[in-house]
Amino acid sequence: MPHIHEQYDFAVTAFIVHDGKVLLVNHPRYGKWLPPGGHVELDEDPEEALLREVAEETGLEVELLGKRPIVESPETKFLVAPDYVDVHEANLPHKHIGLTYFMVAKSDQYKLSSEHTGMRWFTEADIDDPQCNLTGAVRFCMRAAIAKAD
């Protein structure tokens with residue numbers, strides 16, 4: 001999707017856990033293993049964007065690990081809050097305001113989308129393996145997602 005704004009766009013990322021492992025995709029533009037995700041489009045809220053991106057990029061059936069308030073209020077849609085919010089570079093000078101969510105997958109049977117060159121489940125041992133070339137932010141969120149899913 002093209003950028004909506006010149007300097008910042010909102011983006012969602014999903015750290016999906018299954019049996020103590022986290023699913024990452026090999027992103028060809030950045031040449032790195034990253035969590036699935038993408039832009040929040042103008043016609044959707046962050047939760048809708050998250051579920052759309054996960055379905056498009058992985059084909060997995062997932063469940064958010066956050067909590068939603070239980071309130072009767074027809075005029076308000078409460079969303080699950082992201083686990084973390086950050087700002088990161090995306091084709092400078094453009095940046096993303098990243099909304100990071102932790103999720104669990106109901107199975108480990110993903111479908112690789114044409115958007116990525118690879119997809120795999122990473123174990124806790126992989127997190128610090130130099131051959132995996134994971135960023136500090138990705139390593140941090142992988143550990144936090146695994147801990148929350150436990």
# chains A, B, ... in the order shown; residues from 1 in each chain; ligands from 1
call {"tool": "residues_around", "arguments": {"residues": "region 4-14 of chain A", "least_positions_apart": "6", "cutoff": "9 Å", "atoms": "only C-alpha atoms", "output": "ChimeraX atom specification"}}
result
/A:23,34-42,46-47,49-51,53-54,82,87,92-103
call {"tool": "write_last_selection", "arguments": {"atoms": "C-alpha atoms", "output": "compact mmCIF listing (two decimals), in the first residue's frame"}}
result
# COMPACT_ATOMS: atom_id res chain seq x y z
CA LEU A 23 6.61 -16.67 13.51
CA LEU A 34 10.47 -9.32 10.92
CA PRO A 35 7.01 -9.97 12.34
CA PRO A 36 4.07 -9.98 9.92
CA GLY A 37 2.24 -6.67 9.62
CA GLY A 38 1.60 -3.60 7.55
CA HIS A 39 -0.11 -0.26 7.18
CA VAL A 40 -3.39 0.69 8.82
CA GLU A 41 -5.54 1.74 5.90
CA LEU A 42 -7.87 4.74 5.95
CA PRO A 46 -5.78 -0.89 14.03
CA GLU A 47 -7.37 -4.18 15.12
CA ALA A 49 -5.67 -3.91 10.03
CA LEU A 50 -3.88 -6.39 12.28
CA LEU A 51 -6.28 -9.25 11.56
CA GLU A 53 -2.49 -8.39 7.63
CA VAL A 54 -2.11 -11.64 9.59
CA PRO A 82 -1.20 -2.80 21.61
CA VAL A 87 8.43 4.82 15.92
CA LEU A 92 13.59 7.59 5.23
CA PRO A 93 12.52 10.26 5.71
CA HIS A 94 9.26 8.30 6.08
CA LYS A 95 8.60 6.61 9.44
CA HIS A 96 6.01 4.30 10.91
CA ILE A 97 4.21 4.61 14.21
CA GLY A 98 4.24 0.90 15.04
CA LEU A 99 1.46 -0.73 17.03
CA THR A 100 2.84 -4.06 18.26
CA TYR A 101 0.47 -6.86 19.29
CA PHE A 102 1.08 -10.29 20.77
CA MET A 103 -1.04 -13.19 19.53
call {"tool": "closest_residue", "arguments": {"among": "A:Ile146, A:Asn133, A:Arg52, A:Asp43", "to": "Tyr30 (chain A)", "atoms": "only C-alpha atoms"}}
result
A:Asn133
call {"tool": "atom_distance", "arguments": {"atom1": "CA of Asn26 (chain A)", "atom2": "CA of Gly118 (chain A)"}}
result
4.8 Å
call {"tool": "select_by_dssp", "arguments": {"residues": "region 10-148 of chain A", "states": "strand (DSSP E)", "output": "ChimeraX atom specification"}}
result
/A:10-18,21-27,32-34,37-39,62-64,84-89,95-105,118-122
call {"tool": "residues_around", "arguments": {"residues": "Val62 (chain A)", "least_positions_apart": "5", "cutoff": "8 Å", "atoms": "only C-alpha atoms", "output": "JSON, numbers by chain"}}
result
{"A": [16, 103, 104, 105, 106]}
call {"tool": "write_last_selection", "arguments": {"atoms": "C-alpha atoms", "output": "short mmCIF file (atom, residue, chain, number, x, y, z; two decimals), in the first residue's frame"}}
result
data_model
loop_
_atom_site.label_atom_id
_atom_site.label_comp_id
_atom_site.auth_asym_id
_atom_site.auth_seq_id
_atom_site.Cartn_x
_atom_site.Cartn_y
_atom_site.Cartn_z
CA ILE A 16 2.50 -14.66 16.77
CA MET A 103 -1.04 -13.19 19.53
CA VAL A 104 -1.26 -16.96 19.69
CA ALA A 105 -1.85 -19.17 16.66
CA LYS A 106 -4.26 -22.08 16.81
#
call {"tool": "residues_around", "arguments": {"residues": "Lys111 (chain A)", "least_positions_apart": "4", "cutoff": "12 Å", "atoms": "only C-alpha atoms", "output": "JSON, numbers by chain"}}
result
{"A": [23, 25, 54, 55, 56, 57, 58, 59, 60, 61, 107, 115, 116, 117, 118, 119, 120]}
